[in-house]
file protein.txt (compact mmCIF, C-alpha atoms)
# COMPACT_ATOMS: atom_id res chain seq x y z
CA MET A 1 -34.86 -44.23 -58.00
CA LYS A 2 -34.31 -47.99 -58.25
CA ALA A 3 -32.08 -47.49 -61.30
CA GLU A 4 -30.10 -44.81 -59.44
CA ARG A 5 -29.61 -47.10 -56.43
CA THR A 6 -28.45 -49.89 -58.71
CA LYS A 7 -25.99 -47.54 -60.38
CA LYS A 8 -24.57 -46.49 -56.99
CA ASP A 9 -24.30 -50.13 -55.89
CA ILE A 10 -22.38 -50.97 -59.05
CA GLU A 11 -20.02 -48.01 -58.55
CA THR A 12 -19.44 -49.00 -54.91
CA GLU A 13 -18.68 -52.58 -55.90
CA LYS A 14 -16.25 -51.42 -58.59
CA LEU A 15 -14.52 -49.19 -56.03
CA ASN A 16 -14.23 -52.04 -53.52
CA THR A 17 -12.92 -54.38 -56.19
CA GLU A 18 -10.26 -51.89 -57.29
CA LEU A 19 -9.19 -51.25 -53.69
CA SER A 20 -8.91 -54.99 -53.03
CA PHE A 21 -6.78 -55.41 -56.14
CA LEU A 22 -4.50 -52.54 -55.21
CA LYS A 23 -4.11 -53.86 -51.67
CA SER A 24 -3.24 -57.33 -52.97
CA GLN A 25 -0.46 -55.83 -55.10
CA VAL A 26 1.34 -54.71 -51.95
CA ASN A 27 1.85 -58.24 -50.68
CA PRO A 28 3.94 -59.88 -53.44
CA HIS A 29 5.94 -56.70 -53.99
CA PHE A 30 6.79 -56.50 -50.30
CA PHE A 31 7.49 -60.19 -49.77
CA PHE A 32 9.75 -60.44 -52.80
CA ASN A 33 12.10 -57.81 -51.38
CA THR A 34 11.99 -59.20 -47.84
CA LEU A 35 12.64 -62.81 -48.85
CA ASN A 36 15.66 -61.66 -50.84
CA ASN A 37 17.06 -60.11 -47.67
CA ILE A 38 16.58 -63.29 -45.65
CA TYR A 39 18.05 -65.39 -48.46
CA SER A 40 21.21 -63.28 -48.29
CA LEU A 41 21.47 -63.99 -44.56
CA ALA A 42 21.00 -67.71 -45.09
CA VAL A 43 23.71 -67.84 -47.76
CA VAL A 44 26.34 -66.59 -45.31
CA GLN A 45 24.82 -68.70 -42.48
CA SER A 46 24.22 -65.61 -40.35
CA ASP A 47 23.01 -65.98 -36.75
CA GLN A 48 20.43 -63.37 -37.62
CA THR A 49 18.60 -65.69 -40.03
CA ALA A 50 16.22 -67.21 -37.46
CA PRO A 51 15.26 -63.88 -35.83
CA ALA A 52 14.71 -62.44 -39.31
CA VAL A 53 12.35 -65.30 -40.15
CA MET A 54 10.40 -64.55 -36.96
CA LYS A 55 10.15 -60.89 -37.94
CA LEU A 56 8.87 -61.90 -41.36
CA SER A 57 6.35 -64.23 -39.71
CA SER A 58 5.01 -61.32 -37.65
CA ILE A 59 4.78 -59.14 -40.75
CA MET A 60 2.99 -61.88 -42.72
CA ARG A 61 0.50 -62.41 -39.90
CA TYR A 62 -0.31 -58.71 -39.93
CA ILE A 63 -0.79 -58.52 -43.70
CA LEU A 64 -2.80 -61.74 -43.97
CA THR A 65 -5.15 -61.07 -41.05
CA GLU A 66 -5.43 -57.53 -39.77
CA THR A 67 -5.17 -55.71 -43.09
CA GLN A 68 -8.21 -57.48 -44.53
CA THR A 69 -10.37 -54.78 -42.94
CA ASN A 70 -10.79 -51.29 -44.38
CA LEU A 71 -9.28 -49.62 -41.32
CA VAL A 72 -6.67 -50.69 -38.77
CA PRO A 73 -5.38 -49.07 -35.58
CA LEU A 74 -2.62 -46.61 -36.40
CA GLN A 75 -0.49 -48.20 -33.66
CA ASN A 76 -0.54 -51.47 -35.63
CA GLU A 77 0.84 -49.70 -38.67
CA VAL A 78 3.58 -48.18 -36.54
CA ASP A 79 4.47 -51.63 -35.20
CA PHE A 80 4.47 -53.01 -38.74
CA ILE A 81 6.90 -50.33 -39.92
CA THR A 82 9.12 -50.96 -36.90
CA ASN A 83 9.30 -54.68 -37.70
CA PHE A 84 10.10 -53.92 -41.32
CA ILE A 85 12.92 -51.56 -40.33
CA ASP A 86 14.35 -54.10 -37.88
CA LEU A 87 14.39 -56.68 -40.65
CA GLN A 88 16.22 -54.28 -42.96
CA LEU A 89 18.78 -53.35 -40.31
CA VAL A 90 19.97 -56.95 -40.11
CA ARG A 91 21.59 -56.68 -43.53
CA LEU A 92 22.92 -53.12 -43.22
CA THR A 93 26.32 -51.87 -42.07
CA ASP A 94 26.98 -49.11 -39.57
CA LYS A 95 27.34 -46.70 -42.48
CA VAL A 96 23.55 -46.45 -42.60
CA GLN A 97 21.73 -44.50 -39.90
CA VAL A 98 18.00 -45.19 -39.59
CA ILE A 99 15.73 -43.17 -37.30
CA PHE A 100 11.99 -43.73 -36.88
CA ASN A 101 9.94 -41.55 -34.54
CA ALA A 102 6.18 -41.68 -33.96
CA ASP A 103 4.62 -38.87 -31.89
CA GLY A 104 1.16 -37.83 -30.86
CA ASP A 105 -2.05 -39.67 -30.00
CA ILE A 106 -1.45 -42.84 -32.00
CA ASP A 107 -3.53 -45.21 -29.86
CA ASN A 108 -6.91 -43.72 -30.72
CA LYS A 109 -6.56 -43.37 -34.48
CA GLN A 110 -7.53 -45.67 -37.33
CA ILE A 111 -6.23 -45.60 -40.89
CA ALA A 112 -6.35 -47.59 -44.11
CA PRO A 113 -3.62 -50.27 -43.94
CA LEU A 114 -0.34 -50.41 -45.86
CA LEU A 115 -0.26 -46.80 -47.04
CA PHE A 116 3.13 -45.92 -45.57
CA ILE A 117 5.24 -49.00 -46.26
CA PRO A 118 5.91 -48.34 -50.00
CA PHE A 119 7.62 -45.07 -49.08
CA VAL A 120 9.71 -46.81 -46.42
CA GLU A 121 10.68 -49.54 -48.90
CA ASN A 122 11.66 -46.87 -51.39
CA ALA A 123 13.97 -45.22 -48.84
CA PHE A 124 15.84 -48.46 -48.25
CA LYS A 125 15.99 -49.17 -51.98
CA TYR A 126 17.56 -45.84 -52.93
CA GLY A 127 19.09 -44.60 -49.69
CA VAL A 128 21.49 -47.37 -48.64
CA SER A 129 25.20 -47.55 -49.46
CA THR A 130 28.03 -49.86 -48.38
CA LYS A 131 30.67 -47.28 -49.32
CA GLU A 132 29.47 -43.99 -47.87
CA LYS A 133 27.49 -42.79 -44.88
CA THR A 134 23.79 -42.42 -45.54
CA ALA A 135 20.74 -41.66 -43.44
CA ILE A 136 17.05 -42.53 -43.47
CA ASN A 137 14.73 -40.46 -41.28
CA ILE A 138 11.09 -41.43 -40.84
CA THR A 139 8.59 -39.49 -38.75
CA LEU A 140 4.90 -39.94 -38.08
CA VAL A 141 3.10 -37.19 -36.19
CA THR A 142 -0.58 -37.04 -35.27
CA LYS A 143 -2.47 -33.89 -34.32
CA GLU A 144 -6.23 -34.09 -33.76
CA ASN A 145 -7.57 -35.76 -36.95
CA ASN A 146 -4.41 -35.28 -39.01
CA VAL A 147 -1.55 -37.69 -39.65
CA ALA A 148 1.70 -36.37 -41.12
CA PHE A 149 4.17 -38.94 -42.43
CA THR A 150 7.62 -37.92 -43.70
CA VAL A 151 10.46 -39.99 -45.12
CA THR A 152 13.83 -38.44 -45.98
CA ASN A 153 16.76 -40.43 -47.33
CA THR A 154 20.14 -39.80 -48.88
CA ILE A 155 20.08 -40.40 -52.64
CA VAL A 156 22.52 -43.15 -53.54
CA LYS A 157 21.20 -44.71 -56.76
CA ALA A 158 20.34 -41.63 -58.77
CA ASP A 159 21.24 -42.65 -62.31
CA LYS A 160 17.74 -42.04 -63.67
CA GLY A 161 16.33 -39.84 -60.91
CA ILE A 162 14.39 -41.41 -58.10
CA ILE A 163 11.09 -39.68 -58.81
CA GLU A 164 10.94 -41.32 -62.24
CA THR A 165 11.84 -44.79 -60.99
CA THR A 166 9.78 -45.29 -57.84
CA GLY A 167 7.87 -48.19 -59.41
CA ILE A 168 4.64 -49.98 -58.75
CA GLY A 169 4.63 -49.54 -54.98
CA ILE A 170 4.50 -45.73 -55.08
CA ASN A 171 1.99 -45.61 -57.95
CA ASN A 172 -0.15 -48.11 -56.08
CA VAL A 173 -0.32 -46.04 -52.90
CA LYS A 174 -1.06 -42.86 -54.90
CA ARG A 175 -4.10 -44.56 -56.43
CA ARG A 176 -5.25 -45.94 -53.06
CA LEU A 177 -5.00 -42.47 -51.53
CA GLU A 178 -7.13 -41.05 -54.34
CA LEU A 179 -9.80 -43.67 -53.71
CA LEU A 180 -9.72 -43.76 -49.91
CA TYR A 181 -9.05 -40.13 -48.99
CA PRO A 182 -10.28 -37.99 -51.91
CA GLY A 183 -9.74 -34.33 -51.13
CA LYS A 184 -8.41 -35.28 -47.69
CA HIS A 185 -4.73 -35.83 -48.38
CA THR A 186 -1.68 -34.14 -49.86
CA LEU A 187 1.36 -36.01 -51.13
CA GLN A 188 4.60 -34.21 -51.94
CA VAL A 189 7.61 -35.97 -53.45
CA SER A 190 10.81 -34.05 -54.13
CA GLU A 191 14.59 -34.18 -54.49
CA GLU A 192 16.66 -31.52 -52.72
CA ASN A 193 20.34 -31.31 -51.74
CA ASN A 194 20.89 -35.00 -52.52
CA GLN A 195 17.90 -35.89 -50.37
CA PHE A 196 14.74 -37.67 -51.48
CA ILE A 197 11.77 -36.38 -49.49
CA VAL A 198 8.25 -37.75 -49.21
CA HIS A 199 5.66 -35.91 -47.16
CA LEU A 200 2.12 -37.25 -46.79
CA ASP A 201 -0.68 -35.53 -44.88
CA ILE A 202 -3.97 -37.32 -44.30
CA ASN A 203 -7.14 -35.97 -42.73
CA LEU A 204 -8.76 -39.00 -41.11
CA LYS A 205 -12.23 -37.47 -40.79
call {"tool": "encode", "arguments": {"input": "protein.txt", "output": "structure tokens"}}
result
Amino acid sequence: MKAERTKKDIETEKLNTELSFLKSQVNPHFFFNTLNNIYSLAVVQSDQTAPAVMKLSSIMRYILTETQTNLVPLQNEVDFITNFIDLQLVRLTDKVQVIFNADGDIDNKQIAPLLFIPFVENAFKYGVSTKEKTAINITLVTKENNVAFTVTNTIVKADKGIIETTGIGINNVKRRLELLYPGKHTLQVSEENNQFIVHLDINLK
């Protein structure tokens, strides 16, 4: 029995170590993209530079403090996504329409942090154009113990196919979902009618 307990302790520690590593990968990936956006504003001496820095400060505070726990209030994740979108909108033209809706009982739910943001980043990476009208639609709906998160964006950069080029952020969140919500989530990624669609369902219990 002692050997079995030791084995379980080792497996738990390995799991926690892997989750910590995967979570840490989100930070540099996210900040690299965001700092590039602010740099572009600074180059043209935009009036939006200072507000953008404040938005980034709020985002950094969230990542460096609140996300160190295993679970965070779902409302905090919604606020985090909102700040990220606001930061992105500073650099976009009116050719890009971005809609984010969150519905349901968000206040009383908790979820593992930083699961949604890679999909939102991906939408801005592949769904933004300066030449044609594009749209990004993001919805988060809660019902009882279920959270449904959907991101749909127009495909702009489709040379190699988006599904094959989603990169480290998407692969990271897939692995975290496997570790944190085994058998309690479904993730569907598809391309249809020039739209890239991500749909994630998570059972929080």
call {"tool": "axis_aligned_box", "arguments": {"input": "protein.txt", "around": "range 100-108 of chain A", "padding_each_side": "8 Å", "output": "JSON"}}
result
{"center_x": 2.5, "center_y": -41.5, "center_z": -33.4, "size_x": 34.9, "size_y": 23.4, "size_z": 23.0}
call {"tool": "closest_residue", "arguments": {"input": "protein.txt", "among": "A:Gly104, A:Ile117, A:Asn70, A:Gln45", "to": "Phe31 in chain A", "atoms": "only C-alpha atoms"}}
result
A:Ile117
call {"tool": "atom_distance", "arguments": {"input": "protein.txt", "atom1": "CA of Asn122 in chain A", "atom2": "CA of Lys143 in chain A"}}
result
25.7 Å
call {"tool": "closest_atom_pairs", "arguments": {"input": "protein.txt", "of": "range 30-120 of chain A", "to": "range 126-142 of chain A", "cutoff": "8 Å", "atoms": "only C-alpha atoms", "output": "tab-separated table"}}
result
residue	atom	partner	partner_atom	distance
A:Leu92	CA	A:Thr130	CA	8.0
A:Thr93	CA	A:Thr130	CA	6.8
A:Lys95	CA	A:Lys133	CA	4.6
A:Val96	CA	A:Thr134	CA	5.0
A:Gln97	CA	A:Ala135	CA	4.6
A:Val98	CA	A:Ile136	CA	4.8
A:Ile99	CA	A:Asn137	CA	4.9
A:Phe100	CA	A:Ile138	CA	4.7
A:Asn101	CA	A:Thr139	CA	4.9
A:Ala102	CA	A:Leu140	CA	4.7
A:Asp103	CA	A:Val141	CA	4.9
A:Gly104	CA	A:Thr142	CA	4.8
A:Asp105	CA	A:Thr142	CA	6.1
A:Ile106	CA	A:Thr142	CA	6.7
A:Val120	CA	A:Ile138	CA	7.9
call {"tool": "closest_residue", "arguments": {"input": "protein.txt", "among": "A:Ala148, A:Leu64, A:Val156, A:Ile197", "to": "Lys125 in chain A", "atoms": "only C-alpha atoms"}}
result
A:Val156
call {"tool": "atom_distance", "arguments": {"input": "protein.txt", "atom1": "CA of Ser57 in chain A", "atom2": "CA of Phe84 in chain A"}}
result
11.1 Å
call {"tool": "residues_around", "arguments": {"input": "protein.txt", "residues": "Val198 in chain A", "least_positions_apart": "2", "cutoff": "7 Å", "atoms": "all atoms listed in the file", "output": "number ranges by chain"}}
result
A: 150-152, 188-190, 196, 200
call {"tool": "write_last_selection", "arguments": {"input": "protein.txt", "atoms": "C-alpha atoms", "output": "PDB file, keeping the file's coordinate frame"}}
result
ATOM      1  CA  THR A 150       7.620 -37.920 -43.700  1.00  0.00           C
ATOM      2  CA  VAL A 151      10.460 -39.990 -45.120  1.00  0.00           C
ATOM      3  CA  THR A 152      13.830 -38.440 -45.980  1.00  0.00           C
ATOM      4  CA  GLN A 188       4.600 -34.210 -51.940  1.00  0.00           C
ATOM      5  CA  VAL A 189       7.610 -35.970 -53.450  1.00  0.00           C
ATOM      6  CA  SER A 190      10.810 -34.050 -54.130  1.00  0.00           C
ATOM      7  CA  PHE A 196      14.740 -37.670 -51.480  1.00  0.00           C
ATOM      8  CA  LEU A 200       2.120 -37.250 -46.790  1.00  0.00           C
TER       9      LEU A 200
END
